[in-house]
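Colleague: Let me give you the structure first, and then I'll get to my questions.
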Amino acid sequence: RVSSVLSEVHYGLGLYPEAAQFAEQASALQLANNPGRPELAASAQELLGNARVYLGELEPASTAFEQALAIRTETLGPEHPQTLNTMANLGDTLKRLGRVDEGEALCSAAFEKHQQVEDVVIRSWIMACHAGNLDNQADYTGAESLLREVADAQAAELGEDDLATLQTQLFLGNAFRRSGAVEDAIEQYRAVYAGRRGVLGESHYETCVVANNL
């Protein structure tokens with residue numbers, strides 16, 4: 001359990017190499033010491049996958065998500081919110097790897113069930129991944145509309161400065177940029193930068209990502 005906590009702490013601080021290291025340790029330990037509780041290993045694999053994505057290590061990330069998805073599908077069922085969350089994570093990663101058809105299929109499958117997900121963070125992420133499908137298909141209007149819906153819901157339930165809300169606003173800025181609405185993109189990036197700087201600090205990795213976009 002210590003390795004899992006350390007991984008979560010380092011992930012929150014933007015220290016992704018350390019987060020990945022502790023997540024790998026946690027997954028191995030959970031499988032060895034808690035064979036009757038595979039969901040603990042699935043959680044560690046999910047965190048490992050997220051850390052690998054931030055490190056740009058997409059192949060290892062996809063492997064971690066695949067392992068987490070297999071465990072959660074078997075233990076929780078294919079329609080459980082955590083399973084759908086992992087499905088969206090894997091789909092998003094596969095799209096980044098250029099395996100677009102596979103990735104879009106997973107994101108679409110998760111989106112079909114998103115209305116039954118009560119957790120606003122998971123539901124919003126699934127919707128954002130589907131918006132990525134629309135963006136890939138050059139349906140910028142559809143992507144922007146869906147992302148606005150997600151951002152508005154998050155702001156109402158979580159607050160405008162919540163990290164999940166800011167992440168969706170970043171996606172919306174990216175959609176504006178790809179559609180050629182540069183001024184809208186800049187305005188969105190500035191809002192996200194101010195929010196992340198206030199919550200995470202100026203030197204945090206995620207704050208720097210937005211600064212680079214600007």
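The chains in the structure tokens are called A, B, ... from first to last as shown; in each chain the residues are counted from 1, and the ligands are counted from 1 in the order shown.
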Mind the document's chain letters and residue numbers, and return as JSON, numbers by chain the residues of chain A that DSSP labels alpha helix (DSSP H).

Modeller: {"A": [2, 3, 4, 5, 6, 7, 8, 9, 10, 11, 12, 16, 17, 18, 19, 20, 21, 22, 23, 24, 25, 26, 27, 28, 29, 30, 31, 32, 33, 38, 39, 40, 41, 42, 43, 44, 45, 46, 47, 48, 49, 50, 51, 52, 53, 54, 58, 59, 60, 61, 62, 63, 64, 65, 66, 67, 68, 69, 70, 71, 72, 73, 74, 75, 81, 82, 83, 84, 85, 86, 87, 88, 89, 90, 91, 92, 93, 94, 95, 96, 100, 101, 102, 103, 104, 105, 106, 107, 108, 109, 110, 111, 120, 121, 122, 123, 124, 125, 126, 127, 128, 129, 130, 131, 132, 133, 134, 135, 136, 140, 141, 142, 143, 144, 145, 146, 147, 148, 149, 150, 151, 152, 153, 154, 155, 156, 157, 163, 164, 165, 166, 167, 168, 169, 170, 171, 172, 173, 174, 175, 176, 177, 178, 179, 182, 183, 184, 185, 186, 187, 188, 189, 190, 191, 192, 193, 194, 195, 196, 197, 198, 199, 200, 205, 206, 207, 208, 209, 210, 211, 212, 213]}

Colleague: Just want the 9 Å neighbourhood of Met127 (chain A), counted on only C-alpha atoms, with same-chain residues fewer than 5 positions away dropped. Output as an mmCIF file with all heavy atoms, in the first residue's frame.

Modeller:
```
data_model
loop_
_atom_site.group_PDB
_atom_site.id
_atom_site.type_symbol
_atom_site.label_atom_id
_atom_site.label_comp_id
_atom_site.auth_asym_id
_atom_site.auth_seq_id
_atom_site.Cartn_x
_atom_site.Cartn_y
_atom_site.Cartn_z
ATOM 1 N N CYS A 107 -13.124 4.157 -27.288
ATOM 2 C CA CYS A 107 -13.706 5.393 -26.772
ATOM 3 C C CYS A 107 -15.200 5.452 -27.054
ATOM 4 O O CYS A 107 -15.982 5.905 -26.199
ATOM 5 C CB CYS A 107 -12.993 6.603 -27.382
ATOM 6 S SG CYS A 107 -11.295 6.834 -26.806
ATOM 7 N N ALA A 110 -17.069 3.090 -24.653
ATOM 8 C CA ALA A 110 -17.199 3.684 -23.324
ATOM 9 C C ALA A 110 -18.253 4.787 -23.332
ATOM 10 O O ALA A 110 -19.060 4.910 -22.402
ATOM 11 C CB ALA A 110 -15.849 4.228 -22.862
ATOM 12 N N PHE A 111 -18.274 5.590 -24.403
ATOM 13 C CA PHE A 111 -19.212 6.714 -24.492
ATOM 14 C C PHE A 111 -20.657 6.232 -24.520
ATOM 15 O O PHE A 111 -21.552 6.901 -23.972
ATOM 16 C CB PHE A 111 -18.905 7.538 -25.741
ATOM 17 C CG PHE A 111 -19.795 8.742 -25.908
ATOM 18 C CD1 PHE A 111 -19.625 9.851 -25.080
ATOM 19 C CD2 PHE A 111 -20.774 8.773 -26.875
ATOM 20 C CE1 PHE A 111 -20.443 10.965 -25.221
ATOM 21 C CE2 PHE A 111 -21.585 9.886 -27.028
ATOM 22 C CZ PHE A 111 -21.427 10.980 -26.188
ATOM 23 N N HIS A 114 -21.804 6.174 -21.000
ATOM 24 C CA HIS A 114 -21.368 7.242 -20.100
ATOM 25 C C HIS A 114 -22.490 7.811 -19.244
ATOM 26 O O HIS A 114 -22.250 8.279 -18.136
ATOM 27 C CB HIS A 114 -20.707 8.374 -20.904
ATOM 28 C CG HIS A 114 -21.663 9.327 -21.550
ATOM 29 N ND1 HIS A 114 -22.299 9.039 -22.736
ATOM 30 C CD2 HIS A 114 -22.111 10.556 -21.176
ATOM 31 C CE1 HIS A 114 -23.086 10.048 -23.065
ATOM 32 N NE2 HIS A 114 -22.994 10.979 -22.145
ATOM 33 N N ILE A 122 -15.064 10.734 -14.025
ATOM 34 C CA ILE A 122 -14.993 9.631 -14.985
ATOM 35 C C ILE A 122 -15.905 9.904 -16.177
ATOM 36 O O ILE A 122 -15.509 9.717 -17.335
ATOM 37 C CB ILE A 122 -15.374 8.298 -14.308
ATOM 38 C CG1 ILE A 122 -14.333 7.927 -13.248
ATOM 39 C CG2 ILE A 122 -15.493 7.179 -15.345
ATOM 40 C CD1 ILE A 122 -14.663 6.663 -12.477
ATOM 41 N N GLY A 132 -12.623 13.639 -28.706
ATOM 42 C CA GLY A 132 -11.400 13.418 -29.469
ATOM 43 C C GLY A 132 -11.664 12.649 -30.749
ATOM 44 O O GLY A 132 -11.036 12.913 -31.783
ATOM 45 N N LEU A 146 -19.437 19.311 -27.479
ATOM 46 C CA LEU A 146 -19.384 18.299 -26.420
ATOM 47 C C LEU A 146 -18.440 18.728 -25.303
ATOM 48 O O LEU A 146 -18.750 18.566 -24.120
ATOM 49 C CB LEU A 146 -18.944 16.957 -27.012
ATOM 50 C CG LEU A 146 -18.941 15.750 -26.062
ATOM 51 C CD1 LEU A 146 -20.315 15.560 -25.426
ATOM 52 C CD2 LEU A 146 -18.533 14.491 -26.822
ATOM 53 N N LEU A 147 -17.310 19.306 -25.655
ATOM 54 C CA LEU A 147 -16.350 19.747 -24.648
ATOM 55 C C LEU A 147 -16.906 20.912 -23.825
ATOM 56 O O LEU A 147 -16.644 21.012 -22.620
ATOM 57 C CB LEU A 147 -15.026 20.137 -25.309
ATOM 58 C CG LEU A 147 -14.199 18.968 -25.841
ATOM 59 C CD1 LEU A 147 -13.031 19.469 -26.682
ATOM 60 C CD2 LEU A 147 -13.687 18.090 -24.699
ATOM 61 N N VAL A 150 -19.155 19.360 -21.308
ATOM 62 C CA VAL A 150 -18.383 18.739 -20.239
ATOM 63 C C VAL A 150 -17.821 19.795 -19.290
ATOM 64 O O VAL A 150 -17.923 19.675 -18.060
ATOM 65 C CB VAL A 150 -17.232 17.887 -20.822
ATOM 66 C CG1 VAL A 150 -16.334 17.365 -19.700
ATOM 67 C CG2 VAL A 150 -17.786 16.725 -21.637
#
```

Colleague: Of the candidates A:Leu84, A:Ala164, A:Ala156, A:Ala175, which one gets nearest to Gln115 (chain A) if we count only C-alpha atoms?

Modeller: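 Selected residue with least distance to Gln115 (chain A): A:Leu84.
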
Colleague: Fewer than 4 positions away in the same chain doesn't count, so skip those; otherwise give me all residues within 12 Å of Glu118 (chain A), counting only C-alpha atoms, as an MDAnalysis selection string.

Modeller: chainID A and resid 80:82 113:114 122:124 126 157

Colleague: To one decimal place, how far is CA of Glu149 (chain A) from CA of Leu94 (chain A) in Å?

Modeller: 24.8 Å

Colleague: So, with only C-alpha atoms as the atoms that count, which of A:Ala155, A:Val182, A:Leu58, A:Leu166 lies closest to Val120 (chain A)?

Modeller: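 Looking only at the distances to Val120 (chain A), the closest residue turns out to be A:Ala155.
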
Colleague: Which residues are close to Ala143 (chain A), i.e. within 10 Å by only C-alpha atoms, leaving aside same-chain residues fewer than 5 positions away? Reply as a short mmCIF file (atom, residue, chain, number, x, y, z; two decimals) with all heavy atoms, in the first residue's frame.

Modeller:
```cif
data_model
loop_
_atom_site.label_atom_id
_atom_site.label_comp_id
_atom_site.auth_asym_id
_atom_site.auth_seq_id
_atom_site.Cartn_x
_atom_site.Cartn_y
_atom_site.Cartn_z
N MET A 127 -16.52 11.38 -21.99
CA MET A 127 -17.08 12.30 -22.99
C MET A 127 -15.98 13.03 -23.74
O MET A 127 -16.07 13.24 -24.96
CB MET A 127 -18.02 13.29 -22.30
CG MET A 127 -19.27 12.64 -21.71
SD MET A 127 -20.27 13.78 -20.70
CE MET A 127 -20.94 14.86 -21.99
N ALA A 128 -14.92 13.42 -23.03
CA ALA A 128 -13.80 14.12 -23.67
C ALA A 128 -13.10 13.22 -24.67
O ALA A 128 -12.68 13.68 -25.75
CB ALA A 128 -12.82 14.61 -22.62
N CYS A 129 -12.98 11.93 -24.34
CA CYS A 129 -12.35 10.99 -25.28
C CYS A 129 -13.20 10.83 -26.54
O CYS A 129 -12.66 10.72 -27.65
CB CYS A 129 -12.14 9.63 -24.60
SG CYS A 129 -10.80 9.62 -23.40
N HIS A 130 -14.52 10.84 -26.37
CA HIS A 130 -15.38 10.78 -27.55
C HIS A 130 -15.27 12.05 -28.37
O HIS A 130 -15.30 12.02 -29.61
CB HIS A 130 -16.83 10.55 -27.13
CG HIS A 130 -17.77 10.41 -28.28
ND1 HIS A 130 -17.73 9.34 -29.16
CD2 HIS A 130 -18.78 11.22 -28.74
CE1 HIS A 130 -18.65 9.49 -30.09
NE2 HIS A 130 -19.30 10.63 -29.87
N ALA A 131 -15.12 13.19 -27.68
CA ALA A 131 -14.90 14.44 -28.41
C ALA A 131 -13.61 14.36 -29.23
O ALA A 131 -13.53 14.92 -30.32
CB ALA A 131 -14.81 15.61 -27.43
N GLY A 132 -12.62 13.64 -28.71
CA GLY A 132 -11.40 13.42 -29.47
C GLY A 132 -11.66 12.65 -30.75
O GLY A 132 -11.04 12.91 -31.78
N ASN A 133 -12.60 11.69 -30.70
CA ASN A 133 -13.00 10.99 -31.91
C ASN A 133 -13.56 11.96 -32.94
O ASN A 133 -13.20 11.92 -34.13
CB ASN A 133 -14.06 9.94 -31.60
CG ASN A 133 -13.51 8.70 -30.92
OD1 ASN A 133 -12.33 8.62 -30.61
ND2 ASN A 133 -14.37 7.73 -30.67
N LEU A 134 -14.45 12.83 -32.48
CA LEU A 134 -15.07 13.81 -33.38
C LEU A 134 -14.01 14.75 -33.97
O LEU A 134 -14.06 15.09 -35.15
CB LEU A 134 -16.13 14.62 -32.62
CG LEU A 134 -17.29 13.83 -32.03
CD1 LEU A 134 -18.22 14.76 -31.24
CD2 LEU A 134 -18.07 13.09 -33.11
N ASP A 135 -13.06 15.13 -33.13
CA ASP A 135 -11.98 16.01 -33.59
C ASP A 135 -11.15 15.32 -34.66
O ASP A 135 -10.79 15.93 -35.68
CB ASP A 135 -11.11 16.41 -32.40
CG ASP A 135 -10.14 17.53 -32.73
OD1 ASP A 135 -10.55 18.69 -32.58
OD2 ASP A 135 -9.00 17.24 -33.15
N ASN A 136 -10.83 14.05 -34.44
CA ASN A 136 -10.05 13.29 -35.42
C ASN A 136 -10.78 13.18 -36.76
O ASN A 136 -10.15 13.10 -37.82
CB ASN A 136 -9.76 11.87 -34.90
CG ASN A 136 -8.71 11.85 -33.82
OD1 ASN A 136 -7.94 12.81 -33.68
ND2 ASN A 136 -8.66 10.78 -33.05
N GLN A 137 -12.12 13.18 -36.68
CA GLN A 137 -12.93 13.07 -37.89
C GLN A 137 -13.26 14.43 -38.50
O GLN A 137 -14.09 14.54 -39.39
CB GLN A 137 -14.23 12.32 -37.55
CG GLN A 137 -13.98 10.89 -37.08
CD GLN A 137 -15.12 10.31 -36.26
OE1 GLN A 137 -16.23 10.88 -36.23
NE2 GLN A 137 -14.88 9.20 -35.60
N ALA A 138 -12.56 15.48 -37.99
CA ALA A 138 -12.73 16.86 -38.46
C ALA A 138 -14.13 17.41 -38.18
O ALA A 138 -14.57 18.37 -38.83
CB ALA A 138 -12.40 16.98 -39.95
N ARG A 148 -17.67 21.79 -24.46
CA ARG A 148 -18.31 22.88 -23.71
C ARG A 148 -19.29 22.31 -22.70
O ARG A 148 -19.37 22.77 -21.55
CB ARG A 148 -19.04 23.83 -24.67
CG ARG A 148 -18.15 24.77 -25.46
CD ARG A 148 -18.99 25.72 -26.27
NE ARG A 148 -18.21 26.54 -27.16
CZ ARG A 148 -17.61 27.67 -26.80
NH1 ARG A 148 -17.70 28.09 -25.55
NH2 ARG A 148 -16.92 28.37 -27.68
N GLU A 149 -20.05 21.30 -23.12
CA GLU A 149 -21.00 20.66 -22.22
C GLU A 149 -20.28 20.05 -21.03
O GLU A 149 -20.71 20.19 -19.88
CB GLU A 149 -21.77 19.57 -22.98
CG GLU A 149 -22.75 18.80 -22.12
CD GLU A 149 -23.41 17.65 -22.86
OE1 GLU A 149 -23.34 17.61 -24.11
OE2 GLU A 149 -23.99 16.77 -22.18
N PHE A 171 -8.49 20.82 -23.47
CA PHE A 171 -8.93 20.08 -24.67
C PHE A 171 -9.75 21.00 -25.58
O PHE A 171 -9.62 20.93 -26.81
CB PHE A 171 -9.79 18.88 -24.27
CG PHE A 171 -9.04 17.79 -23.54
CD1 PHE A 171 -9.71 16.95 -22.66
CD2 PHE A 171 -7.70 17.60 -23.73
CE1 PHE A 171 -9.05 15.94 -22.00
CE2 PHE A 171 -7.01 16.59 -23.06
CZ PHE A 171 -7.70 15.76 -22.19
N LEU A 172 -10.57 21.85 -24.97
CA LEU A 172 -11.39 22.77 -25.77
C LEU A 172 -10.49 23.76 -26.50
O LEU A 172 -10.73 24.08 -27.68
CB LEU A 172 -12.37 23.50 -24.86
CG LEU A 172 -13.35 24.48 -25.52
CD1 LEU A 172 -14.16 23.79 -26.61
CD2 LEU A 172 -14.28 25.09 -24.47
N ALA A 175 -9.11 22.05 -29.46
CA ALA A 175 -10.10 21.92 -30.52
C ALA A 175 -10.25 23.25 -31.27
O ALA A 175 -10.35 23.27 -32.51
CB ALA A 175 -11.45 21.49 -29.93
N PHE A 176 -10.25 24.36 -30.55
CA PHE A 176 -10.31 25.67 -31.20
C PHE A 176 -9.12 25.86 -32.14
O PHE A 176 -9.26 26.34 -33.26
CB PHE A 176 -10.31 26.78 -30.15
CG PHE A 176 -11.61 26.97 -29.43
CD1 PHE A 176 -11.64 27.32 -28.09
CD2 PHE A 176 -12.82 26.83 -30.10
CE1 PHE A 176 -12.84 27.51 -27.42
CE2 PHE A 176 -14.04 27.02 -29.45
CZ PHE A 176 -14.03 27.36 -28.11
#
```

Colleague: Go through A:Ser179, A:Thr168, A:Gly159, A:Arg37 and flag the residue nearest Val192 (chain A), using only C-alpha atoms for the distances.

Modeller: A:Thr168

Colleague: For Glu104 (chain A), which of A:Asp92, A:Glu160, A:Glu144, A:Glu24 is the closest residue, counting only C-alpha atoms?

Modeller: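 Checking each candidate against Glu104 (chain A), we get A:Asp92 as the closest.
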
Colleague: Enter the distance from CA of Leu106 (chain A) to CA of Gly91 (chain A), in Å, rounded to one decimal.

Modeller: 5.0 Å

Colleague: Please measure the separation of CA of Arg196 (chain A) and CA of Gly180 (chain A), giving the value in Å to one decimal.

Modeller: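 Computing it gives 24.4 Å between the two atoms.
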
Colleague: Mind checking which residues fall within 9 Å of region 202-212 of chain A, counting only C-alpha atoms, ignoring those fewer than 2 positions away in the same chain, and posting them as a ChimeraX atom specification?

Modeller: /A:13-15,170,189-190,192-198,200,214

Colleague: Please provide as an mmCIF file with N, CA and C atoms, in the first residue's frame all residues within 7 Å of Ala68 (chain A), with the sequence filter that same-chain residues fewer than 3 positions apart are discarded (counting only C-alpha atoms).

Modeller:
```cif
data_model
loop_
_atom_site.group_PDB
_atom_site.id
_atom_site.type_symbol
_atom_site.label_atom_id
_atom_site.label_comp_id
_atom_site.auth_asym_id
_atom_site.auth_seq_id
_atom_site.Cartn_x
_atom_site.Cartn_y
_atom_site.Cartn_z
ATOM 1 N N ALA A 42 -5.037 -3.620 -10.461
ATOM 2 C CA ALA A 42 -5.598 -2.868 -11.582
ATOM 3 C C ALA A 42 -5.435 -1.373 -11.362
ATOM 4 N N GLN A 45 -1.867 -0.477 -12.041
ATOM 5 C CA GLN A 45 -1.590 -0.485 -13.478
ATOM 6 C C GLN A 45 -2.177 0.754 -14.149
ATOM 7 N N GLU A 46 -3.361 1.173 -13.696
ATOM 8 C CA GLU A 46 -3.973 2.383 -14.255
ATOM 9 C C GLU A 46 -3.094 3.605 -13.988
ATOM 10 N N ALA A 64 0.028 -1.259 -19.813
ATOM 11 C CA ALA A 64 -0.497 -1.120 -18.451
ATOM 12 C C ALA A 64 -2.017 -0.985 -18.466
ATOM 13 N N PHE A 65 -2.542 -0.173 -19.377
ATOM 14 C CA PHE A 65 -3.997 -0.008 -19.464
ATOM 15 C C PHE A 65 -4.680 -1.309 -19.893
ATOM 16 N N ILE A 71 -8.276 -6.976 -16.018
ATOM 17 C CA ILE A 71 -8.623 -7.284 -14.624
ATOM 18 C C ILE A 71 -9.992 -6.716 -14.281
ATOM 19 N N ARG A 72 -10.233 -5.466 -14.645
ATOM 20 C CA ARG A 72 -11.492 -4.825 -14.264
ATOM 21 C C ARG A 72 -12.684 -5.415 -15.009
ATOM 22 N N THR A 86 -11.017 2.941 -17.660
ATOM 23 C CA THR A 86 -9.810 2.314 -18.202
ATOM 24 C C THR A 86 -9.929 2.118 -19.704
#
```

Colleague: Ranking A:Gly201, A:Ala23, A:Glu59, A:Ala181 by minimum distance to Gly98 (chain A) and counting only C-alpha atoms, which one comes first?

Modeller: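 Ranked by minimum distance to Gly98 (chain A), first place goes to A:Glu59.
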
Colleague: Go through A:Arg178, A:Thr165, A:Val100, A:Asn213 and flag the residue nearest Thr141 (chain A), using only C-alpha atoms for the distances.

Modeller: A:Arg178
